[in-house]
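Peer 1: Dropping the structure in here first, questions after.
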Amino acid sequence: MSIRASSDKGAERTLETLRREDAFVIDGRTPFGIDSVTVDNRTIRVVQRQRLISDFGGLTEFVSGRSRRRVLVVAPLAGAYPVLFRDVVLGLLPHANVAITDWRDPYYIPSSCGEFGLAENISSVLEMIRAIGPDGHVVGICQGAVSALAATALLSTRDAAAAPRSLTLIAGPIDPLANPTRVGLASRTYPAEFQQNLMRTVPDKFPGRGRRIYPANAQFTMLMGYLARHWLFGEVFWKLYQDDGEDPVRFPFSSLLMRLMNLPAELVLDIVKQVFVERRLCTGRLTVRGQSVVPGAINRTGLMTIEAQNDDIAAPGQTYAAHALCCGIPDNLRRHLLLPGSAHFSLFHGNRWRSGVLPPLLQFLEETETRSALS
């Protein structure tokens, strides 16, 4: 008997309404709306430019001119558009020029561009790290932490001098079984046939016609299930009730969270199989285009891991596991932060991000720069 995903017309209508109301998607990307930052009561102009352009997502850079420090934010390609991490970009901008992986919705990518699985995702991140230069800093968030760690390891193996100065991993499933969550366990137990049946094909009227995708409406149904379990007085409840983001009028948390992009089917299936089921990264079996990913090869890059005490998506321990894998990093280049009383989304959005995560992150960047200058 074949297993098929149930249809949720209500969720599909809600998602289409969100898209239709303010034309959020432009050529498969979403605008960040950042043209200035305020520093010491002064307004500083910000210039946005494309540092790299590729079929599946470019490197969008924000330059304030205040600092020579360069930070790459590796956003996950896991449902939400990269604009979900707008608060991270705005928090870092007074202290650095910030680039972010600006992934595109595969609806807008012709099938002739080929597939985009985990190996392609990691390879793209590696090229973006090269683009910001060897003195840059990398911040990988959620599933983007897996790609950021793997890309840094590959770069350290191929060309150690090109490795970034620091690598910060925030709420990423480096080892999903270090402290299993309901979300992670569900990813491990979905039958392969069920996963395949969730996938759809881009219709003819879009540039990506014929491409296999994990559709946004299926993700929206799952997101609604997650929110229902955490609704009463949980983190998401309070963020929706009293939005503490940088710009809750133009970029409300509800919109950032609930506007979802379609995903390449091959990437989703790779992540389920290689990250959650087989745990290839943390067991030393991950390869990218025939080359083994060896986190132990990282030796000149500082490592900071950041987790939230009440995170039920990437629970404490899952990201911290990176320290054991990165055995070549000196102890004085390691840091770990456990944010008390917080859950997943507070690590990169709102007041807890600004007051509890950003200051120690900036301190870590400064420390790695100081140690690099002295060595």
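Following the order of the structure tokens, first chain is A, next is B, and so on, with residues numbered from 1 inside each chain and ligands from 1 in the order they appear.
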Name the residues of range 174-273 of chain A that fall into strand (DSSP E or B) according to DSSP on the backbone, using the chain letters and numbers of this document, as a list in words.
Peer 2: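 Taking range 174-273 of chain A and keeping strand (DSSP E or B) only, one gets Arg200, Thr201, Arg212, Ile213, Tyr214, Leu260, Leu263 and Pro264 of chain A.
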Peer 1: Show me, as a list in words, the residues that have an atom within 8 Å of Leu118 in chain A when counting only C-alpha atoms, minus same-chain residues fewer than 3 positions from it.
Peer 2: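 Counting only C-alpha atoms, the residues come to Asn121, Ile122, Ser147, Glu266, Leu267, Asp270 and Ile271 of chain A.
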Peer 1: From the list A:Ile100, A:Leu84, A:Ala160, A:Met128, which residue is nearest Phe62 in chain A when using only C-alpha atoms?
Peer 2: A:Ile100
Peer 1: Closest to Arg280 in chain A among A:Leu337, A:Ala145, A:Val268, A:Val294, using only C-alpha atoms?
Peer 2: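 The shortest atom-to-atom distance to Arg280 in chain A comes from A:Val294.
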Peer 1: Could you tell me which of A:Ile34, A:Leu154, A:Ala96, A:Leu269 comes closest to Val288 in chain A if we count only C-alpha atoms?
Peer 2: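 Ranking A:Ile34, A:Leu154, A:Ala96, A:Leu269 by distance to Val288 in chain A, first place goes to A:Leu154.
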Peer 1: List every residue of range 45-266 of chain A that DSSP, applied to the backbone of this structure, assigns to alpha helix (DSSP H), and report them as a ChimeraX atom specification.
Peer 2: /A:86-92,118-132,144-158,182-189,192-198,216-229,235-241,253-258,265-266
Peer 1: Give me the residues near range 69-73 of chain A as JSON, numbers by chain, where near means some atom within 10 Å (using only C-alpha atoms) and where sequence neighbours in that chain fewer than 3 positions away do not count.
Peer 2: {"A": [59, 60, 61, 62, 63, 65, 66, 76, 82, 85, 88, 89, 92, 93, 95, 96, 97, 98, 99, 100, 101, 102, 125, 128, 129, 131, 132, 133, 134, 135, 136, 137, 138, 139, 140, 141, 144, 145, 148, 164, 165, 166, 167, 168, 365, 366, 369]}
Peer 1: Using only C-alpha atoms, pick whichever of A:Ala186, A:Phe345, A:Cys282, A:Cys326 has the shortest atom-to-atom distance to Lys239 in chain A.
Peer 2: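 Checking each candidate against Lys239 in chain A, we get A:Phe345 as the closest.
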Peer 1: Pick the closest to Leu286 in chain A from A:Leu177, A:Cys113, A:Ala163, A:Ala150: which is it, counting only C-alpha atoms?
Peer 2: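 Result for the nearest residue to Leu286 in chain A: A:Ala150.
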Peer 1: Determine, counting only C-alpha atoms, which protein, DNA and RNA residues have an atom within 7 Å of an atom of Phe253 in chain A; residues of the same chain fewer than 5 positions away are not included. Present the result as a ChimeraX atom specification.
Peer 2: /A:239-240,243,245,248
Peer 1: Keeping only N, CA and C atoms, write those residues as a compact mmCIF listing (two decimals), in the first residue's frame.
Peer 2:
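Full text of selection_13.txt as output:
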# COMPACT_ATOMS: atom_id res chain seq x y z
N LYS A 239 6.61 35.78 20.91
CA LYS A 239 7.14 36.54 19.79
C LYS A 239 6.03 37.02 18.86
N LEU A 240 4.99 36.22 18.73
CA LEU A 240 3.86 36.64 17.92
C LEU A 240 3.00 37.66 18.66
N ASP A 243 6.06 41.26 19.34
CA ASP A 243 7.20 41.11 18.44
C ASP A 243 8.37 41.97 18.90
N GLY A 245 11.43 41.97 17.33
CA GLY A 245 12.41 42.06 16.25
C GLY A 245 12.83 43.49 15.99
N PRO A 248 9.45 45.31 13.56
CA PRO A 248 8.22 44.50 13.60
C PRO A 248 7.11 45.02 12.70
Peer 1: Rank A:His344, A:Arg42, A:Arg300, A:Arg86 by their smallest atom-to-atom distance to Arg371 in chain A, using only C-alpha atoms, and report the top residue only.
Peer 2: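 Answer, going by the shortest atom-to-atom distance: A:Arg300.
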